[in-house]
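Novice: This is the content of final-v5.tsv (TSV, C-alpha atoms):
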```tsv
chain	number	residue	atom	x	y	z
W	1	MET	CA	-7.50	-12.09	-31.27
W	2	GLN	CA	-4.58	-11.66	-28.93
W	3	HIS	CA	-1.94	-14.37	-28.92
W	4	LEU	CA	0.02	-14.93	-25.76
W	5	MET	CA	3.36	-16.61	-25.50
W	6	MET	CA	2.80	-17.24	-21.81
W	7	THR	CA	0.46	-16.21	-19.04
W	8	THR	CA	1.48	-13.87	-16.25
W	9	GLU	CA	1.38	-16.85	-13.90
W	10	GLU	CA	3.76	-18.81	-16.12
W	11	TRP	CA	6.06	-15.77	-16.32
W	12	PHE	CA	6.07	-15.44	-12.55
W	13	LYS	CA	6.93	-19.13	-12.13
W	14	GLU	CA	9.94	-18.60	-14.42
W	15	TRP	CA	11.00	-15.61	-12.34
W	16	GLU	CA	10.66	-17.70	-9.16
W	17	GLY	CA	12.94	-20.31	-10.74
W	18	ASN	CA	15.51	-17.60	-11.36
W	19	ARG	CA	15.11	-16.41	-7.77
W	20	ARG	CA	15.78	-19.95	-6.48
W	21	LEU	CA	18.96	-20.14	-8.58
W	22	THR	CA	20.15	-16.75	-7.35
W	23	ARG	CA	19.58	-17.92	-3.78
W	24	LYS	CA	21.86	-20.90	-4.45
W	25	VAL	CA	24.55	-18.50	-5.64
W	26	ILE	CA	24.21	-16.46	-2.43
W	27	GLU	CA	24.45	-19.68	-0.38
W	28	THR	CA	27.62	-20.73	-2.24
W	29	PHE	CA	29.57	-17.62	-1.24
W	30	PRO	CA	31.75	-17.72	1.85
W	31	GLU	CA	30.43	-15.07	4.24
W	32	LYS	CA	33.45	-12.77	4.17
W	33	GLU	CA	33.71	-12.76	0.38
W	34	LEU	CA	29.96	-12.22	-0.03
W	35	PHE	CA	30.35	-8.81	1.63
W	36	GLU	CA	33.94	-7.88	0.75
W	37	PHE	CA	35.09	-9.45	-2.54
W	38	SER	CA	34.83	-7.61	-5.83
W	39	ILE	CA	36.64	-7.44	-9.14
W	40	GLY	CA	37.54	-4.43	-11.23
W	41	GLY	CA	35.70	-1.87	-9.15
W	42	MET	CA	32.36	-3.68	-9.33
W	43	ARG	CA	30.14	-3.90	-6.26
W	44	THR	CA	30.32	-6.85	-3.89
W	45	PHE	CA	27.81	-9.59	-4.56
W	46	ALA	CA	25.95	-8.67	-1.35
W	47	GLU	CA	25.48	-5.13	-2.68
W	48	MET	CA	24.05	-6.56	-5.89
W	49	VAL	CA	21.73	-8.81	-3.89
W	50	TYR	CA	20.48	-5.78	-1.93
W	51	GLU	CA	19.37	-4.29	-5.24
W	52	LEU	CA	17.67	-7.51	-6.35
W	53	ILE	CA	15.75	-7.74	-3.07
W	54	GLN	CA	14.67	-4.13	-3.32
W	55	PHE	CA	13.57	-4.37	-6.96
W	56	SER	CA	11.57	-7.57	-6.51
W	57	VAL	CA	9.48	-6.13	-3.70
W	58	GLU	CA	9.23	-2.49	-4.69
W	59	VAL	CA	8.52	-2.97	-8.38
W	60	THR	CA	5.72	-5.42	-7.67
W	61	GLU	CA	4.37	-2.99	-5.03
W	62	GLN	CA	4.44	-0.13	-7.51
W	63	LEU	CA	2.60	-2.21	-10.09
W	64	ILE	CA	-0.39	-2.94	-7.86
W	65	ASP	CA	-1.71	0.61	-8.17
W	66	ASN	CA	0.62	1.88	-10.93
W	67	LYS	CA	2.10	4.35	-8.45
W	68	PRO	CA	5.84	4.60	-9.00
W	69	PHE	CA	8.11	6.18	-6.43
W	70	PRO	CA	11.79	7.18	-6.56
W	71	LEU	CA	14.51	4.62	-5.97
W	72	ASP	CA	16.01	4.93	-2.48
W	73	ARG	CA	19.38	3.21	-2.09
W	74	GLU	CA	19.99	4.51	1.43
W	75	HIS	CA	18.54	1.61	3.42
W	76	ARG	CA	19.77	-1.37	1.45
W	77	LYS	CA	22.06	-2.62	4.21
W	78	ASP	CA	18.91	-3.12	6.27
W	79	TYR	CA	18.63	-6.36	4.27
W	80	GLY	CA	21.48	-7.79	6.32
W	81	VAL	CA	25.18	-7.61	6.96
W	82	THR	CA	25.55	-11.35	7.60
W	83	LYS	CA	24.89	-14.17	5.18
W	84	ILE	CA	22.11	-15.58	7.36
W	85	ALA	CA	20.36	-12.20	7.57
W	86	LEU	CA	20.77	-11.59	3.83
W	87	LEU	CA	19.27	-15.01	3.02
W	88	ALA	CA	16.36	-14.29	5.40
W	89	SER	CA	15.74	-10.98	3.60
W	90	TRP	CA	15.96	-12.79	0.27
W	91	ASP	CA	13.37	-15.34	1.37
W	92	LYS	CA	11.09	-12.61	2.67
W	93	SER	CA	11.38	-10.73	-0.62
W	94	VAL	CA	10.38	-13.86	-2.55
W	95	LEU	CA	7.23	-14.19	-0.42
W	96	LEU	CA	6.38	-10.47	-0.65
W	97	ALA	CA	6.84	-10.43	-4.43
W	98	ALA	CA	4.51	-13.45	-4.71
W	99	GLU	CA	1.89	-11.75	-2.53
W	100	ASN	CA	2.18	-8.53	-4.54
W	101	TRP	CA	2.01	-10.39	-7.85
W	102	LYS	CA	-1.43	-11.77	-7.01
W	103	LYS	CA	-2.70	-8.20	-6.49
W	104	ILE	CA	-1.51	-6.80	-9.82
W	105	PRO	CA	-4.46	-6.39	-12.22
W	106	GLN	CA	-3.93	-8.36	-15.44
W	107	GLU	CA	-4.42	-5.30	-17.64
W	108	ARG	CA	-1.60	-3.52	-15.78
W	109	PHE	CA	1.04	-5.60	-17.56
W	110	GLN	CA	0.15	-3.88	-20.85
W	111	GLU	CA	-0.07	-0.37	-19.39
W	112	MET	CA	2.71	2.19	-19.39
W	113	PHE	CA	4.60	2.10	-16.11
W	114	ASN	CA	7.30	4.54	-15.03
W	115	MET	CA	9.36	2.27	-12.79
W	116	TYR	CA	11.07	4.30	-10.06
W	117	GLU	CA	10.04	7.40	-12.03
W	118	LYS	CA	12.92	6.66	-14.43
W	119	LEU	CA	12.04	3.82	-16.82
W	120	ASN	CA	8.80	4.63	-18.62
W	121	ALA	CA	7.74	1.59	-20.64
W	122	PRO	CA	4.99	-1.02	-20.68
W	123	ALA	CA	4.90	-2.81	-17.32
W	124	TRP	CA	5.85	-6.15	-18.90
W	125	LYS	CA	9.01	-4.53	-20.28
W	126	ASN	CA	9.98	-3.15	-16.88
W	127	LEU	CA	9.47	-6.60	-15.37
W	128	LEU	CA	11.69	-8.04	-18.07
W	129	TYR	CA	14.32	-5.48	-17.04
W	130	VAL	CA	14.04	-6.66	-13.41
W	131	LEU	CA	14.56	-10.29	-14.51
W	132	GLU	CA	17.44	-9.41	-16.84
W	133	ASN	CA	19.04	-7.36	-14.07
W	134	GLU	CA	18.89	-10.39	-11.77
W	135	ILE	CA	20.43	-12.65	-14.41
W	136	HIS	CA	23.15	-10.06	-15.06
W	137	HIS	CA	24.06	-9.75	-11.37
W	138	ARG	CA	23.88	-13.50	-10.83
W	139	ALA	CA	26.38	-13.89	-13.69
W	140	GLN	CA	28.67	-11.44	-11.90
W	141	GLY	CA	28.31	-13.67	-8.84
W	142	TYR	CA	29.37	-16.66	-10.96
W	143	VAL	CA	32.48	-14.79	-12.08
W	144	TYR	CA	33.30	-13.89	-8.47
W	145	LEU	CA	32.87	-17.49	-7.34
W	146	ARG	CA	35.11	-18.77	-10.13
W	147	ALA	CA	37.73	-16.11	-9.31
W	148	LEU	CA	37.63	-17.41	-5.72
W	149	GLY	CA	38.16	-20.98	-6.96
W	150	ILE	CA	34.60	-22.01	-6.03
W	151	GLU	CA	32.37	-24.00	-8.37
W	152	PRO	CA	29.06	-22.11	-8.81
W	153	PRO	CA	25.68	-23.86	-8.95
W	154	VAL	CA	24.72	-25.26	-12.34
W	155	PHE	CA	22.81	-22.53	-14.16
W	156	TYR	CA	19.98	-24.74	-15.38
W	157	ASP	CA	18.90	-26.10	-11.98
W	158	ARG	CA	16.00	-23.88	-10.92
W	159	SER	CA	14.67	-26.26	-8.26
```
Turn this file's structure into structure tokens for me.
Specialist:
Amino acid sequence: MQHLMMTTEEWFKEWEGNRRLTRKVIETFPEKELFEFSIGGMRTFAEMVYELIQFSVEVTEQLIDNKPFPLDREHRKDYGVTKIALLASWDKSVLLAAENWKKIPQERFQEMFNMYEKLNAPAWKNLLYVLENEIHHRAQGYVYLRALGIEPPVFYDRS
């Protein structure tokens, strides 16, 4: 008998809560600093958000048919060079990830999956990486906001 800690639907709802919180962090940034501010040689928060948008859509796309493809960083700025455009891309990525999620066969989550042809692990573990990556980058956003003297959103409000 297999014991589950949570269903894939419950997991996805948790991820969506994280996505809502990350959106609040994006909204909190002043436009100029979103695209220009960084600390210690790290990327700007907008550059991190480009990655989060890309991963959420592309990884869920790859999982539908278990057909990984290489990571392409070349077109990330297509997600927007203004705060309004970036938020629109974020919202679109949330919808696309939800649509893709419904198409992923349940058994796929236990199968080996070579995300971006670089991270070969069970699909659930790659998805955990995507979530952890978002949390990591959101935390960098919190540090940036604090360095700018801006109070970030409370971390536990996922509404």
Novice: Out of W:Glu117, W:Ile84, W:His136, W:Thr60, which residue has the shortest atom-to-atom distance to Asp72 of chain W when counting all atoms listed in the file?
Specialist: W:Glu117
Novice: Can you work out which one of W:Pro68, W:Pro122, W:Pro105, W:Gly141 has the shortest atom-to-atom distance to Phe37 of chain W, counting all atoms listed in the file?
Specialist: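 Of W:Pro68, W:Pro122, W:Pro105, W:Gly141, the one nearest Phe37 of chain W, counting all atoms listed in the file, is W:Gly141.
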Novice: Atom CA of Leu95 of chain W and atom CA of Phe69 of chain W, how far apart in Å?
Specialist: 21.3 Å
Novice: What is the distance, in Å and to one decimal place, between atom CA of Met48 of chain W and atom CA of Leu96 of chain W?
Specialist: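 If I compute the distance from atom CA of Met48 of chain W to atom CA of Leu96 of chain W, I get 18.8 Å.
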Novice: Quick one: pull the distance between atom CA of Phe45 of chain W and atom CA of Gln140 of chain W, Å, one decimal.
Specialist: 7.6 Å
Novice: Counting only C-alpha atoms, write as a list in words all protein and nucleic acid residues lying at most 12 Å from (5.8, 2.0, -19.0) in the file's frame.
Specialist: Gln62, Leu63, Asn66, Lys67, Pro68, Arg108, Phe109, Gln110, Glu111, Met112, Phe113, Asn114, Met115, Tyr116, Glu117, Lys118, Leu119, Asn120, Ala121, Pro122, Ala123, Trp124, Lys125, Asn126, Leu127, Leu128 and Tyr129 of chain W
Novice: Closest to Ala46 of chain W among W:Glu58, W:Tyr144, W:Glu107, W:Ala98, using all atoms listed in the file?
Specialist: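 For Ala46 of chain W, the nearest of the candidates is W:Tyr144.
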Novice: When distances are computed from only C-alpha atoms, which of W:Glu51, W:Glu33, W:Glu74, W:Asp91 shows the smallest separation from Arg19 of chain W?
Specialist: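 Of the candidates, the smallest distance to Arg19 of chain W is held by W:Asp91.
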Novice: Skipping near chain neighbours, those fewer than 4 positions away, what residues fall within 10 Å of Glu36 of chain W using all atoms listed in the file, listed as a list of chain:residue names?
Specialist: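 So the residues in contact are W:Glu31, W:Lys32, W:Arg43, W:Thr44, W:Phe45, W:Ala46, W:Glu47.
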Novice: Counting all atoms listed in the file, figure out which residue out of W:Val59, W:Val154, W:Tyr50, W:Arg20 gets nearest to Tyr142 of chain W.
Specialist: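 Using all atoms listed in the file, Tyr142 of chain W sits closest to W:Val154.
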Novice: Using only C-alpha atoms, which of the listed residues (W:Arg138, W:Lys103, W:Lys13, W:Lys24) sits closest to Val49 of chain W?
Specialist: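 Among the listed residues, W:Arg138 lies closest to Val49 of chain W.
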